[in-house]
Each structure stands twice: as structure tokens, then as C-alpha cells.
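A short write-up of the structure that comes next.
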Amino acid sequence: MIAQQIAFGILAATMVLASLRLVTTKNVVHAGLLLAVVLGGAAGIFVLLAAEYVAVVQILVYIGAVVVILLFGTMLTRARIGEDTDLDNDQRWLAAIVALFMLGVTGTVLWQGFRHAGGDGKVHLNGVQRAAQVSDLIFGPYGIPFEVASVLLLAALVGAVAIARRD
Amino acid sequence: MYLVEYLLLAAALFSIGVYGVLARKNGVLVLMSIELMLNAVNINLIAFGAFRGNAIGQVFALFVIAVAAAEVGVGMAIVLLIFRNRASVNLDEVDLMRG
């Protein structure tokens with residue numbers, strides 16, 4: 001349990017620092033690479049929570065596809081490769097106030113509500129959730145949402161082509 | 001491992017994503033911040049699933065990942081279209097519907 005605690009601390013610190021840098025960096029390409037760091041840290045968090053299948057999907061879909069799409073978009077929109085001073089708008093301080101307020105409210109509520117959740121407030125990984133259990137759920141009770149997700153992906157594919165094509 | 005640690009991490013990531021969406025004016029960076037927020041939600045779902053001892057949280061996280069992939073595809077298409085029409089992805093200039 002101590003090892004998991006240390007791993008969580010390292011991952012959490014890395015993710016928070018990388019995401020803070022992501023929203024403040026002046027370099028769009030660096031932002032894309034920092035996003036990969038944050039998403040990889042989230043995959044590590046999923047492994048800590050015994051969700052290894054979701055961790056693999058996270059790496060494949062997010063780091064493999066989403067980050068690549070975003071970097072392609074960076075290139076196609078001809079963002080400057082390098083420092084760019086004109087990335088933030090002039091509501092930066094207002095946005096910081098809103099985000100800090102949100103963090104304060106949600107943090108307080110979560111701390112008060114879940115500090116002692118389930119008795120001691122700890123996550124017990126006794127009933128380890130294997131990938132078999134996930135697949136039984138997806139192809140059993142959640143079969144219809146699964147099919148709807150496939151229709152959504154098809155619609156998004158067709159929609160993206162229809163929006164972005166030149167004619 | 002305490003459940004509340006994971007929830008606070010997710011809250012921090014979500015708030016940072018909110019800051020990014022509000023403060024950035026490059027369309028690609030706004031999409032990246034949205035991915036940050038969706039990812040924070042996934043951490044919440046997995047943490048609650050592990051806490052409750054079942055795999056339903058993981059199923060919902062997989063659905064969120066699918067929706068996020070669809071969202072980034074369509075979002076990037078829209079950003080590219082804006083870039084093609086205006087030669088810039090500055091979202092402050094996209095104010096056609098401002099009264």
C-alpha cells in the first residue's frame with residue numbers, strides 16, 4: 001500500500017505540473033507533448049486502480065490517436081513552431097479566478113463528502129476487476145450503449161469529412 | 001489509497017482544463033484543454049468503480065474515451081475549417097454572432 005501511495009504521489013505531481021505548464025506554455029507543440037505526459041500519467045493512475053484494460057485503451061486512443069490528431073492540427077493550422085506570444089486572450093485573470101473558485105468549491109465538497117466514504121475512505125482492491133469482467137459488462141447489460149457508441153463514431157467520421165473537405 | 005485523493009486530483013485537472021478553455025485563444029489549445037477535462041472525468045469514474053468494487057466505472061470510462069475521440073475529430077475539422085476561411089485559429093476573431 002505504501003508503494004502505491006508513493007506511485008500515486010509521483011504520478012499526481014507530474015500530472016498537475018504538466019497540465020499547469022500545458023495551459024501556460026507559449027509553444028503549441030510543447031503543449032501537445034505535455035498533453036501526452038498528462039494522459040500517460042492518467043494511464044498510470046488507472047493501473048494503480050487495477051483498471052489495466054482502460055489504461056491500455058487510454059494509451060492507444062489518447063496518446064496514439066488524439067495527441068497525433070492535435071499535433072497534425074497544429075501543423076495544418078500553421079502555428080509557429082517555437083515561441084508564440086499571442087496564445088492567451090485578455091480574460092486570463094478572470095479565467096484564473098473562475099478556475100480557482102471551481103477548484104475551491106469542488107475540492108471542499110469532495111473532501112467533506114468522501115473523506116470517510118465507505119467507513120475508512122480507502123479504495124480496497126480485493127475484488128480485482130479483470131478485463132473479462134469489463135467485456136462481460138460491455139457485451140451484456142451495456143450492449144446497446146456500445147452499439148450507440150459505434151454509430152456515434154461513424155457519424156463523427158462522416159461529419160468530420162463533410163466539414164473539412166474542400167469543394 | 002484513499003478515494004478522496006483521486007477525486008481531488010481529478011478536480012485539480014478539471015479546474016486547470018477550465019482555465020485553459022477560458023484563457024486560451026488558439027483553437028487547438030482549447031481542444032487540448034477539453035481533453036484534459038474529459039480525462040479528469042475518467043479518473044473519477046475509474047476511482048469510483050474501484051471503490052465500489054465493480055467494473056461499471058471502467059465501462060463508462062471506455063464510453064467517455066470513445067466520445068472524446070469523436071469530439072476531437074469533429075472539433076479539429078471545425079478548427080481547420082475556421083483556419084481555411086480566416087487564415088487564423090484565433091477564437092476571439094470568431095465573433096459573427098456577437099450582438
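The way I read the labels, and the way they are meant: chains A, B, ... in the order of the C-alpha cells, residue 1 as the first residue of every chain, and ligand 1 as the first ligand shown, with later ones counted on from there.
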Contacts of Met1 of chain B at 8 Å or less, counting only C-alpha atoms, minus same-chain residues fewer than 3 places along, as a PyMOL selection string?
(chain A and resi 1+4-5+122-124) or (chain B and resi 5)
Would you write out those residues with C-alpha atoms, as a PDB file, in the first residue's frame?
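Once everything was written out, this is result.pdb:
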ATOM      1  CA  MET A   1       0.000   0.000   0.000  1.00  0.00           C
ATOM      2  CA  GLN A   4       1.054   2.528  -4.294  1.00  0.00           C
ATOM      3  CA  GLN A   5       0.862   5.707  -2.229  1.00  0.00           C
ATOM      4  CA  LYS A 122      -9.968   3.809   1.330  1.00  0.00           C
ATOM      5  CA  VAL A 123     -10.088   2.071  -2.021  1.00  0.00           C
ATOM      6  CA  HIS A 124      -9.883  -1.685  -1.440  1.00  0.00           C
TER       7      HIS A 124
ATOM      8  CA  GLU B   5      -7.003  11.657  -3.217  1.00  0.00           C
TER       9      GLU B   5
END
Compile the residues of chain A that lie within 7 Å of chain B, evaluated using only C-alpha atoms, and express the compilation as a PyMOL selection string.
chain A and resi 1+5+12+16+19-20+23+46+49+51+54+66+70+73-74+77+87-89+91-92+95-96+99+102-103+106-107+110-111+114-115+121-125+127+129+133-134+138+149+153+156+159-160+163-164
Selected residues written out, C-alpha atoms, as a PDB file, in the first residue's frame:
ATOM      1  CA  MET A   1       0.000   0.000   0.000  1.00  0.00           C
ATOM      2  CA  GLN A   5       0.862   5.707  -2.229  1.00  0.00           C
ATOM      3  CA  ALA A  12      -0.256  13.133  -9.391  1.00  0.00           C
ATOM      4  CA  VAL A  16      -0.645  18.558 -12.175  1.00  0.00           C
ATOM      5  CA  SER A  19      -1.143  20.283 -17.060  1.00  0.00           C
ATOM      6  CA  LEU A  20      -0.302  23.640 -15.467  1.00  0.00           C
ATOM      7  CA  VAL A  23      -2.264  25.763 -20.134  1.00  0.00           C
ATOM      8  CA  PHE A  46      -5.701   3.596 -13.971  1.00  0.00           C
ATOM      9  CA  LEU A  49      -6.722   1.360  -9.603  1.00  0.00           C
ATOM     10  CA  ALA A  51      -8.075  -0.953 -14.448  1.00  0.00           C
ATOM     11  CA  VAL A  54      -8.710   1.043 -19.644  1.00  0.00           C
ATOM     12  CA  VAL A  66      -5.848  12.120 -30.062  1.00  0.00           C
ATOM     13  CA  LEU A  70      -3.877  17.559 -32.242  1.00  0.00           C
ATOM     14  CA  GLY A  73      -3.902  20.160 -36.409  1.00  0.00           C
ATOM     15  CA  THR A  74      -1.068  22.271 -35.005  1.00  0.00           C
ATOM     16  CA  THR A  77      -3.104  25.500 -38.897  1.00  0.00           C
ATOM     17  CA  LEU A  87      -1.922  32.438 -27.407  1.00  0.00           C
ATOM     18  CA  ASP A  88      -3.807  33.816 -24.390  1.00  0.00           C
ATOM     19  CA  ASN A  89      -6.707  36.223 -24.513  1.00  0.00           C
ATOM     20  CA  GLN A  91      -9.523  37.417 -19.810  1.00  0.00           C
ATOM     21  CA  ARG A  92      -6.656  35.448 -18.300  1.00  0.00           C
ATOM     22  CA  ALA A  95     -10.308  32.744 -16.055  1.00  0.00           C
ATOM     23  CA  ALA A  96      -7.811  32.072 -13.250  1.00  0.00           C
ATOM     24  CA  ALA A  99     -10.846  28.081 -12.150  1.00  0.00           C
ATOM     25  CA  MET A 102     -14.208  25.982  -9.029  1.00  0.00           C
ATOM     26  CA  LEU A 103     -11.276  24.097  -7.530  1.00  0.00           C
ATOM     27  CA  THR A 106     -15.365  21.102  -5.698  1.00  0.00           C
ATOM     28  CA  GLY A 107     -12.333  20.394  -3.514  1.00  0.00           C
ATOM     29  CA  LEU A 110     -15.305  16.302  -2.219  1.00  0.00           C
ATOM     30  CA  TRP A 111     -13.115  16.497   0.879  1.00  0.00           C
ATOM     31  CA  PHE A 114     -15.740  11.462   0.608  1.00  0.00           C
ATOM     32  CA  ARG A 115     -13.038  11.713   3.294  1.00  0.00           C
ATOM     33  CA  GLY A 121     -12.439   6.238   2.876  1.00  0.00           C
ATOM     34  CA  LYS A 122      -9.968   3.809   1.330  1.00  0.00           C
ATOM     35  CA  VAL A 123     -10.088   2.071  -2.021  1.00  0.00           C
ATOM     36  CA  HIS A 124      -9.883  -1.685  -1.440  1.00  0.00           C
ATOM     37  CA  LEU A 125      -8.770  -3.600  -4.490  1.00  0.00           C
ATOM     38  CA  GLY A 127     -12.282  -7.778  -5.878  1.00  0.00           C
ATOM     39  CA  GLN A 129     -11.654  -6.143 -11.769  1.00  0.00           C
ATOM     40  CA  GLN A 133     -15.470  -8.542 -16.196  1.00  0.00           C
ATOM     41  CA  VAL A 134     -15.369  -5.378 -18.330  1.00  0.00           C
ATOM     42  CA  ILE A 138     -19.913  -4.237 -22.389  1.00  0.00           C
ATOM     43  CA  ALA A 149     -21.109   4.478 -29.415  1.00  0.00           C
ATOM     44  CA  LEU A 153     -18.053   7.199 -34.083  1.00  0.00           C
ATOM     45  CA  ALA A 156     -18.319  11.731 -36.237  1.00  0.00           C
ATOM     46  CA  GLY A 159     -19.218  14.607 -40.086  1.00  0.00           C
ATOM     47  CA  ALA A 160     -15.511  15.403 -39.848  1.00  0.00           C
ATOM     48  CA  ILE A 163     -16.974  19.595 -42.532  1.00  0.00           C
ATOM     49  CA  ALA A 164     -13.313  19.613 -43.523  1.00  0.00           C
TER      50      ALA A 164
END
